[in-house]
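For reference, query-v1.tsv (TSV, C-alpha atoms):
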chain	number	residue	atom	x	y	z
A	1	MET	CA	7.43	4.55	-21.84
A	2	ALA	CA	7.12	0.81	-21.22
A	3	PRO	CA	3.99	-0.42	-19.39
A	4	SER	CA	6.09	-1.72	-16.49
A	5	SER	CA	7.76	1.71	-16.10
A	6	LYS	CA	4.36	3.41	-16.14
A	7	ALA	CA	3.08	0.99	-13.51
A	8	GLU	CA	6.14	1.54	-11.32
A	9	LYS	CA	5.84	5.32	-11.61
A	10	LYS	CA	2.13	5.19	-10.78
A	11	ALA	CA	2.82	2.96	-7.76
A	12	ALA	CA	5.46	5.40	-6.48
A	13	VAL	CA	3.16	8.41	-6.88
A	14	ASP	CA	0.27	6.50	-5.26
A	15	ALA	CA	2.45	5.60	-2.28
A	16	ALA	CA	3.59	9.22	-1.93
A	17	ALA	CA	-0.05	10.41	-2.01
A	18	TRP	CA	-1.05	7.88	0.68
A	19	MET	CA	1.92	8.87	2.87
A	20	PHE	CA	1.18	12.58	2.44
A	21	ASN	CA	-2.40	12.02	3.59
A	22	VAL	CA	-1.41	9.78	6.52
A	23	VAL	CA	1.25	12.18	7.83
A	24	THR	CA	-0.93	15.30	7.58
A	25	SER	CA	-4.03	13.56	8.97
A	26	VAL	CA	-2.24	12.07	11.97
A	27	GLY	CA	-0.40	15.36	12.52
A	28	ILE	CA	-3.58	17.42	12.60
A	29	ILE	CA	-5.24	14.95	14.98
A	30	ILE	CA	-2.34	15.28	17.43
A	31	VAL	CA	-2.24	19.10	17.17
A	32	ASN	CA	-6.02	19.47	17.52
A	33	LYS	CA	-6.03	17.10	20.50
A	34	ALA	CA	-3.40	19.26	22.21
A	35	LEU	CA	-5.26	22.46	21.26
A	36	MET	CA	-8.57	21.24	22.67
A	37	ALA	CA	-7.34	19.25	25.68
A	38	THR	CA	-4.55	21.57	26.83
A	39	TYR	CA	-5.88	24.99	25.90
A	40	GLY	CA	-9.62	24.31	25.94
A	41	PHE	CA	-10.29	25.44	22.36
A	42	SER	CA	-13.44	23.36	21.77
A	43	PHE	CA	-14.79	25.27	18.76
A	44	ALA	CA	-14.40	22.49	16.19
A	45	THR	CA	-16.67	23.88	13.46
A	46	THR	CA	-15.11	27.35	13.60
A	47	LEU	CA	-11.65	25.78	13.53
A	48	THR	CA	-12.62	23.89	10.37
A	49	GLY	CA	-13.72	27.20	8.85
A	50	LEU	CA	-10.27	28.63	9.66
A	51	HIS	CA	-8.72	25.57	8.01
A	52	PHE	CA	-10.56	26.27	4.77
A	53	ALA	CA	-9.79	30.00	4.99
A	54	THR	CA	-6.07	29.11	5.15
A	55	THR	CA	-6.52	26.67	2.26
A	56	THR	CA	-8.23	29.45	0.28
A	57	LEU	CA	-5.24	31.72	0.90
A	58	MET	CA	-2.93	28.98	-0.41
A	59	THR	CA	-4.95	28.57	-3.61
A	60	VAL	CA	-4.98	32.34	-4.18
A	61	VAL	CA	-1.18	32.49	-3.85
A	62	LEU	CA	-0.70	29.47	-6.13
A	63	ARG	CA	-3.07	30.95	-8.73
A	64	TRP	CA	-1.15	34.25	-8.60
A	65	MET	CA	2.12	32.32	-9.10
A	66	GLY	CA	0.64	30.50	-12.09
A	67	TYR	CA	0.53	27.01	-10.60
A	68	ILE	CA	-3.28	26.85	-10.78
A	69	GLN	CA	-4.74	27.35	-14.24
A	70	PRO	CA	-8.21	28.82	-14.85
A	71	SER	CA	-10.95	26.19	-14.74
A	72	HIS	CA	-14.73	26.00	-14.69
A	73	LEU	CA	-17.06	24.35	-12.19
A	74	PRO	CA	-20.81	24.95	-12.65
A	75	LEU	CA	-22.40	26.77	-9.70
A	76	PRO	CA	-25.04	24.05	-9.04
A	77	GLU	CA	-22.27	21.42	-8.77
A	78	LEU	CA	-20.26	23.68	-6.45
A	79	LEU	CA	-23.25	24.31	-4.18
A	80	LYS	CA	-24.09	20.59	-4.02
A	81	PHE	CA	-20.54	19.75	-3.02
A	82	VAL	CA	-20.41	22.45	-0.33
A	83	LEU	CA	-23.81	21.31	0.99
A	84	PHE	CA	-22.60	17.71	1.31
A	85	ALA	CA	-19.27	18.80	2.83
A	86	ASN	CA	-20.80	21.14	5.43
A	87	PHE	CA	-23.48	18.63	6.42
A	88	SER	CA	-20.66	16.11	6.83
A	89	ILE	CA	-18.71	18.38	9.21
A	90	VAL	CA	-21.74	19.45	11.24
A	91	GLY	CA	-23.26	15.94	11.21
A	92	MET	CA	-20.09	14.31	12.53
A	93	ASN	CA	-19.78	16.87	15.35
A	94	VAL	CA	-23.44	16.49	16.36
A	95	SER	CA	-23.28	12.70	16.05
A	96	LEU	CA	-20.31	12.60	18.42
A	97	MET	CA	-22.21	14.74	20.93
A	98	TRP	CA	-25.50	12.83	20.82
A	99	ASN	CA	-24.23	9.24	20.51
A	100	SER	CA	-22.10	6.92	22.57
A	101	VAL	CA	-18.51	6.48	21.38
A	102	GLY	CA	-19.33	2.92	20.31
A	103	PHE	CA	-22.26	3.89	18.09
A	104	TYR	CA	-20.24	6.82	16.69
A	105	GLN	CA	-17.51	4.37	15.61
A	106	ILE	CA	-20.09	2.01	14.07
A	107	ALA	CA	-21.47	4.96	12.08
A	108	LYS	CA	-17.97	5.75	10.80
A	109	LEU	CA	-17.48	2.11	9.82
A	110	SER	CA	-20.73	2.14	7.85
A	111	MET	CA	-19.31	4.78	5.49
A	112	ILE	CA	-17.44	2.11	3.51
A	113	PRO	CA	-20.58	0.10	2.62
A	114	VAL	CA	-22.37	3.36	1.73
A	115	SER	CA	-19.45	4.48	-0.45
A	116	CYS	CA	-19.45	1.05	-2.13
A	117	LEU	CA	-23.17	1.41	-2.82
A	118	LEU	CA	-22.66	4.86	-4.40
A	119	GLU	CA	-19.92	3.52	-6.68
A	120	VAL	CA	-21.98	0.49	-7.68
A	121	VAL	CA	-25.10	2.57	-8.44
A	122	PHE	CA	-23.56	5.64	-10.10
A	123	ASP	CA	-20.24	4.38	-11.53
A	124	LYS	CA	-21.23	0.75	-12.24
A	125	ILE	CA	-18.21	-0.48	-10.27
A	126	ARG	CA	-17.80	-4.24	-9.81
A	127	TYR	CA	-15.88	-5.62	-6.83
A	128	SER	CA	-14.27	-9.04	-6.81
A	129	ARG	CA	-14.90	-11.48	-3.98
A	130	ASP	CA	-11.39	-10.94	-2.55
A	131	THR	CA	-11.80	-7.14	-2.61
A	132	LYS	CA	-15.08	-7.42	-0.70
A	133	LEU	CA	-13.42	-9.81	1.77
A	134	GLY	CA	-10.58	-7.33	2.34
A	135	ILE	CA	-13.09	-4.55	3.13
A	136	VAL	CA	-14.97	-6.80	5.57
A	137	VAL	CA	-11.75	-7.81	7.36
A	138	VAL	CA	-10.67	-4.15	7.73
A	139	LEU	CA	-14.08	-3.25	9.17
A	140	LEU	CA	-13.94	-6.20	11.55
A	141	GLY	CA	-10.48	-5.29	12.80
A	142	VAL	CA	-11.31	-1.62	13.38
A	143	ALA	CA	-14.57	-2.60	15.11
A	144	VAL	CA	-12.71	-4.91	17.50
A	145	CYS	CA	-10.28	-2.06	18.31
A	146	THR	CA	-12.66	0.85	18.74
A	147	VAL	CA	-16.25	-0.25	19.40
A	148	THR	CA	-16.98	-0.62	23.11
A	149	ASP	CA	-20.21	0.68	24.59
A	150	VAL	CA	-23.08	0.93	22.10
A	151	SER	CA	-26.28	2.80	22.91
A	152	VAL	CA	-28.71	4.28	20.39
A	153	ASN	CA	-31.28	7.07	20.62
A	154	ALA	CA	-33.55	8.56	17.98
A	155	LYS	CA	-31.92	11.96	17.52
A	156	GLY	CA	-28.43	10.43	17.68
A	157	PHE	CA	-29.36	7.92	14.98
A	158	ILE	CA	-30.70	10.71	12.73
A	159	ALA	CA	-27.49	12.74	13.23
A	160	ALA	CA	-25.34	9.69	12.45
A	161	PHE	CA	-27.44	8.88	9.36
A	162	ILE	CA	-27.00	12.43	8.01
A	163	ALA	CA	-23.27	12.37	8.84
A	164	VAL	CA	-22.65	9.03	7.12
A	165	TRP	CA	-24.52	9.81	3.91
A	166	SER	CA	-23.27	13.40	3.58
A	167	THR	CA	-19.64	12.34	4.17
A	168	SER	CA	-19.92	9.49	1.68
A	169	LEU	CA	-21.55	11.77	-0.91
A	170	GLN	CA	-18.92	14.47	-0.37
A	171	GLN	CA	-16.05	12.02	-0.88
A	172	TYR	CA	-17.75	10.46	-3.91
A	173	TYR	CA	-18.30	13.94	-5.35
A	174	VAL	CA	-14.59	14.80	-5.08
A	175	HIS	CA	-13.79	11.96	-7.48
A	176	TYR	CA	-16.83	12.73	-9.66
A	177	LEU	CA	-16.01	16.43	-10.12
A	178	GLN	CA	-12.33	15.85	-10.84
A	179	ARG	CA	-13.16	13.20	-13.42
A	180	ASN	CA	-16.11	14.91	-15.13
A	181	TYR	CA	-14.71	18.46	-15.26
A	182	SER	CA	-10.99	17.59	-15.63
A	183	LEU	CA	-10.09	19.40	-12.43
A	184	SER	CA	-6.84	18.93	-10.58
A	185	SER	CA	-6.81	18.77	-6.78
A	186	PHE	CA	-5.62	22.39	-6.64
A	187	ASN	CA	-8.34	23.51	-9.07
A	188	LEU	CA	-11.10	21.82	-7.08
A	189	LEU	CA	-9.83	23.27	-3.80
A	190	GLY	CA	-9.68	26.68	-5.45
A	191	HIS	CA	-13.40	26.43	-6.26
A	192	THR	CA	-14.69	24.84	-3.05
A	193	ALA	CA	-12.47	26.14	-0.22
A	194	PRO	CA	-13.62	29.82	-0.33
A	195	VAL	CA	-17.31	28.89	-0.19
A	196	GLN	CA	-16.74	26.37	2.61
A	197	ALA	CA	-14.62	28.86	4.56
A	198	ALA	CA	-17.25	31.61	4.32
A	199	SER	CA	-20.18	29.36	5.22
A	200	LEU	CA	-18.42	27.61	8.14
A	201	LEU	CA	-17.04	30.83	9.62
A	202	MET	CA	-20.56	32.29	9.59
A	203	LEU	CA	-22.23	29.15	10.95
A	204	GLY	CA	-19.41	27.86	13.17
A	205	PRO	CA	-19.57	30.19	16.19
A	206	PHE	CA	-23.33	29.63	16.59
A	207	LEU	CA	-23.08	25.86	16.15
A	208	ASP	CA	-20.12	25.62	18.52
A	209	TYR	CA	-22.02	27.62	21.14
A	210	TRP	CA	-24.97	25.23	20.77
A	211	LEU	CA	-22.69	22.18	21.11
A	212	THR	CA	-20.40	23.42	23.91
A	213	ASN	CA	-22.31	26.29	25.55
A	214	LYS	CA	-19.13	28.37	25.11
A	215	ARG	CA	-18.64	31.56	23.11
A	216	ILE	CA	-15.57	31.86	20.94
A	217	ASP	CA	-15.28	35.60	21.59
A	218	ALA	CA	-14.82	34.79	25.29
A	219	PHE	CA	-11.90	32.45	24.65
A	220	ASP	CA	-8.47	33.47	25.97
A	221	PHE	CA	-6.38	33.76	22.81
A	222	ASN	CA	-2.93	33.63	24.41
A	223	ILE	CA	0.28	33.16	22.43
A	224	PRO	CA	0.60	29.33	22.88
A	225	SER	CA	-3.02	28.68	21.85
A	226	VAL	CA	-2.69	30.98	18.81
A	227	VAL	CA	0.51	29.15	17.81
A	228	PHE	CA	-1.36	25.83	17.92
A	229	ILE	CA	-4.28	27.29	15.94
A	230	VAL	CA	-1.89	28.54	13.24
A	231	LEU	CA	-0.10	25.17	13.23
A	232	SER	CA	-3.45	23.36	12.92
A	233	CYS	CA	-4.47	25.59	9.99
A	234	THR	CA	-1.11	25.06	8.27
A	235	ILE	CA	-1.30	21.27	8.52
A	236	ALA	CA	-4.95	21.39	7.42
A	237	VAL	CA	-3.87	22.79	4.04
A	238	GLY	CA	-1.94	19.56	3.46
A	239	THR	CA	-4.78	17.45	4.84
A	240	ASN	CA	-7.37	19.04	2.52
A	241	LEU	CA	-5.08	18.83	-0.49
A	242	SER	CA	-4.03	15.22	0.19
A	243	GLN	CA	-7.67	14.17	0.58
A	244	PHE	CA	-8.50	15.52	-2.87
A	245	ILE	CA	-5.34	13.99	-4.35
A	246	CYS	CA	-6.06	10.54	-2.90
A	247	ILE	CA	-9.75	10.46	-3.82
A	248	GLY	CA	-8.95	11.87	-7.27
A	249	ARG	CA	-6.34	9.19	-7.94
A	250	PHE	CA	-8.38	6.37	-6.40
A	251	THR	CA	-11.97	6.31	-5.13
A	252	ALA	CA	-13.92	7.20	-2.00
A	253	VAL	CA	-13.93	3.53	-0.91
A	254	SER	CA	-10.14	3.23	-1.05
A	255	PHE	CA	-9.89	6.53	0.83
A	256	GLN	CA	-12.20	5.19	3.54
A	257	VAL	CA	-10.08	2.03	3.89
A	258	LEU	CA	-7.00	4.25	4.31
A	259	GLY	CA	-8.92	6.31	6.87
A	260	HIS	CA	-9.49	3.29	9.07
A	261	MET	CA	-5.82	2.37	8.85
A	262	LYS	CA	-5.06	5.89	10.09
A	263	THR	CA	-7.29	5.10	13.07
A	264	ILE	CA	-5.09	2.09	13.82
A	265	LEU	CA	-1.95	4.21	13.42
A	266	VAL	CA	-3.30	6.88	15.79
A	267	LEU	CA	-4.05	4.17	18.37
A	268	ILE	CA	-0.52	2.77	18.06
A	269	LEU	CA	1.08	6.23	18.37
A	270	GLY	CA	-1.15	7.00	21.33
A	271	PHE	CA	0.02	3.89	23.15
A	272	LEU	CA	3.67	4.67	22.30
A	273	PHE	CA	3.68	8.34	23.35
A	274	PHE	CA	0.89	8.64	25.93
A	275	GLY	CA	1.14	5.33	27.84
A	276	ARG	CA	-0.42	1.91	27.51
A	277	GLU	CA	-3.72	2.62	29.23
A	278	GLY	CA	-6.46	0.86	27.28
A	279	LEU	CA	-4.01	-1.45	25.52
A	280	ASN	CA	-5.22	-5.03	25.90
A	281	LEU	CA	-5.43	-8.29	24.00
A	282	HIS	CA	-8.57	-7.52	22.00
A	283	VAL	CA	-7.19	-4.13	20.88
A	284	VAL	CA	-3.96	-5.75	19.68
A	285	LEU	CA	-5.97	-8.49	17.97
A	286	GLY	CA	-8.13	-5.88	16.24
A	287	MET	CA	-5.05	-4.03	14.97
A	288	ILE	CA	-3.60	-7.25	13.53
A	289	ILE	CA	-6.91	-8.11	11.83
A	290	ALA	CA	-7.26	-4.59	10.37
A	291	ILE	CA	-3.70	-4.53	9.01
A	292	PHE	CA	-4.20	-7.98	7.46
A	293	GLY	CA	-7.45	-6.74	5.86
A	294	MET	CA	-5.69	-3.66	4.47
A	295	VAL	CA	-3.02	-5.86	2.84
A	296	LEU	CA	-5.71	-8.17	1.48
A	297	TYR	CA	-7.76	-5.24	0.10
A	298	GLY	CA	-4.72	-3.61	-1.52
A	299	ASN	CA	-3.61	-6.84	-3.13
A	300	ALA	CA	-7.08	-7.83	-4.35
A	301	SER	CA	-8.11	-4.40	-5.68
A	302	SER	CA	-4.84	-4.02	-7.61
A	303	LYS	CA	-5.38	-7.23	-9.57
A	304	PRO	CA	-7.24	-7.23	-12.93
A	305	GLY	CA	-10.95	-7.60	-12.16
A	306	GLY	CA	-10.49	-6.68	-8.49
A	307	LYS	CA	-12.32	-3.39	-8.93
A	308	GLU	CA	-13.40	-2.09	-12.31
A	309	ARG	CA	-16.25	-0.61	-14.30
A	310	ARG	CA	-18.77	-3.14	-15.58
A	311	SER	CA	-18.98	-1.38	-18.95
A	312	HIS	CA	-15.28	-2.05	-19.46
A	313	SER	CA	-15.27	-5.73	-18.60
A	314	ILE	CA	-16.64	-6.89	-21.96
A	315	SER	CA	-14.41	-4.61	-24.03
A	316	ARG	CA	-11.39	-5.67	-21.99
A	317	SER	CA	-11.95	-9.35	-22.66
A	318	SER	CA	-12.37	-8.51	-26.35
A	319	GLN	CA	-9.09	-6.60	-26.31
A	320	GLN	CA	-7.32	-9.55	-24.74
A	321	LYS	CA	-8.58	-11.85	-27.51
A	322	HIS	CA	-7.15	-9.49	-30.12
A	323	GLY	CA	-3.77	-9.42	-28.38
A	324	LEU	CA	-3.77	-5.81	-27.20
A	325	SER	CA	-1.22	-4.74	-24.61
A	326	GLU	CA	-1.84	-4.98	-20.87
A	327	SER	CA	-1.68	-1.20	-20.55
A	328	SER	CA	-5.33	-1.00	-21.57
A	329	GLU	CA	-6.18	-3.15	-18.55
A	330	LEU	CA	-4.50	-0.63	-16.29
A	331	ASP	CA	-6.61	2.12	-17.79
A	332	ASP	CA	-9.78	0.18	-16.87
A	333	LYS	CA	-8.81	-0.01	-13.21
A	334	VAL	CA	-10.60	2.45	-10.94
Let me see the structure of the file written as C-alpha cells.
Amino acid sequence: MAPSSKAEKKAAVDAAAWMFNVVTSVGIIIVNKALMATYGFSFATTLTGLHFATTTLMTVVLRWMGYIQPSHLPLPELLKFVLFANFSIVGMNVSLMWNSVGFYQIAKLSMIPVSCLLEVVFDKIRYSRDTKLGIVVVLLGVAVCTVTDVSVNAKGFIAAFIAVWSTSLQQYYVHYLQRNYSLSSFNLLGHTAPVQAASLLMLGPFLDYWLTNKRIDAFDFNIPSVVFIVLSCTIAVGTNLSQFICIGRFTAVSFQVLGHMKTILVLILGFLFFGREGLNLHVVLGMIIAIFGMVLYGNASSKPGGKERRSHSISRSSQQKHGLSESSELDDKV
C-alpha cells in the first residue's frame, strides 16, 4: 500500500477513535448527571465499579466468541495499573469534595504538564515549539471557561496532588502496557477490568458513605433509576474501551487535550439544551481560544518533528540523507 494511502487510512481510523471517545464520554456525562440530579444516586465510586463489572462481562463474552485472544500481563504490572487507576477515581472524587470548583479545574488542567513530564522522562519524547504552544493555548482557553473561584486548603491540595499524579500515571500506563506487552485495547481491558470492578465494588459503598453520608442499601431502586444505571453502565463500556483505544493509538498527552475539548463540547451542549445561564463573553472567548489551541496542537503534533522520540531523531535524519521513503518518518511519530 502506498504511503499516502496508509496515512489516509490511519487518519480515518484516528478520527473514528476520537469520535467514539467524544460521543461515549459526553453521553455518559449527560446520563450520570440525570441519574444523580434527578434520582439522587450520588454513589459515584460504586457506580464506577458497576461500570467496570459491565465491561468485564463484555470482555468475557468477546473472549468466548473468539474476538479476544489469550495474552499475558505480569501480575506486578496489573496491580500497579489498578493501584494508579483506583487512586485516580477516589482522588478525583475526594478532590471535588474538598476543593473549590476553581481549584478542582486547575488541578485537572495540570494533568497535561504532568503527562508531558512523564513522556519526556520515561519515553524521551521531544515536543516542538508549536506543539508546546498549542498545549498552552488549550489550557488557557479551558481555564478562561471553567476557572472561577479559587480557594486552597491543605487536605484539598493533597487530594488534588494524588488525583493528578495517579490519573496521569494511569493514562501513561495504558500506552506503556499496550506497547510493551503487545496488548490490544480489548486484551488490556480483559486483564484490568475484573480487578478494578472487584476492588471498587468492595471499596465503593464505604467511600461513598464517607463522601455523601448516604448508604447505597437505603437507596430507592425504582424502575426509572435502574434504567438509567443500566444505561450508564452500557455507555461506560464504550467509554472505557475508547479511552484505551485512543491512548493506545496516541499518547496520554493527546488524550488529555481531547479531554479538555470534551469539556468545551459539554459546555456548549449544556447551553444549547439547558438554557444560557452562565453564558457570557469570557466563556465564549475561552471556548474560541481552546478550539484554536486544539487546531494548533493537532496541526503541530502531526508534522515531522512535532512530537517524536529523541532516540529516533538522529536515525531519521540519517535515513533522509540516504533517500529512504517518508513512511519511516511516520513510524517515528508518537
Between CA of Thr24 (chain A) and CA of Val226 (chain A) lies a distance of 19.4 Å
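Residue nearest Phe186 (chain A) within the list A:Ala37, A:Val237, A:Ala198, A:Ala154: A:Val237 [criterion: smallest interatomic distance, only C-alpha atoms].
Take the candidates A:Phe292, A:Trp210, A:Tyr297, A:Phe244 and check each one against Ser42 (chain A) using all atoms listed in the file; the shortest distance goes to A:Trp210.
Taking all atoms listed in the file into account, the residues near (-1.9, 17.5, -9.7), no farther than 12 Å, are Val13, Ala17, Tyr67, Ile68, Gln69, Gln178, Ser182, Leu183, Ser184, Ser185, Phe186, Asn187, Leu188, Leu189, Leu241, Ser242, Phe244, Ile245, Cys246, Gly248 and Arg249 of chain A.
Within the 10 Å cut-off around Val266 (chain A), using all atoms listed in the file and omitting residues fewer than 4 positions from it on the same chain, the listed residues are Val22, Ser25, Val26, Gly27, Ile29, Ile30, His260, Met261, Lys262, Gly270, Phe271 and Leu272 of chain A.
Excluding Thr59 (chain A) and any residue on its chain fewer than 2 positions from it, the residues at most 8 Å away by only C-alpha atoms are A:Thr55, A:Thr56, A:Leu57, A:Val61, A:Leu62, A:Arg63, A:Ile68, A:Phe186, A:Leu189, A:Gly190.
Using all atoms listed in the file, the set of residues no farther than 12 Å from the position (-9.8, 32.1, 32.2) comprises A:Tyr39, A:Gly40, A:Phe41, A:Ala218, A:Phe219, A:Asp220, A:Phe221, A:Asn222.
Between CA of Ala34 (chain A) and CA of Ala159 (chain A) there is a distance of 26.5 Å.
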Taking only residues of region 206-278 of chain A that have an atom at most 10 Å from an atom of region 161-168 of chain A, what is each one's shortest atom pair and its distance in Å to one decimal, using only C-alpha atoms, in chain and number order, as JSON lines?
{"residue": "A:Ala252", "atom": "CA", "partner": "A:Ser168", "partner_atom": "CA", "distance": 7.4}
{"residue": "A:Val253", "atom": "CA", "partner": "A:Ser168", "partner_atom": "CA", "distance": 8.8}
{"residue": "A:Gln256", "atom": "CA", "partner": "A:Ser168", "partner_atom": "CA", "distance": 9.0}
Between CA of Phe228 (chain A) and CA of Leu258 (chain A), what is the distance, to one decimal in Å?
26.1 Å
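Among A:His282, A:Phe255, A:Leu231, A:Pro304, the residue with the shortest atom-to-atom distance to Arg126 (chain A), counting all atoms listed in the file, is A:Pro304.
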Leaving out Gly293 (chain A) and any residue of its chain fewer than 6 positions from it, which residues lie within 9 Å of it when counting only C-alpha atoms, given as an MDAnalysis selection string?
chainID A and resid 133:141
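Among A:Trp64, A:Phe52, A:Phe43, A:Tyr209, the residue with the shortest atom-to-atom distance to Asn240 (chain A), counting all atoms listed in the file, is A:Phe52.
Among the candidate residues A:Ser95, A:Thr54, A:Ser100, A:Ser88, the one lying nearest to Gly238 (chain A) is A:Thr54, with distances computed using only C-alpha atoms.
Distance annotation: of A:Leu83, A:Ala143, A:Leu207, A:Ile223, the residue with the minimal separation from Leu169 (chain A) is A:Leu83; atom set is only C-alpha atoms.
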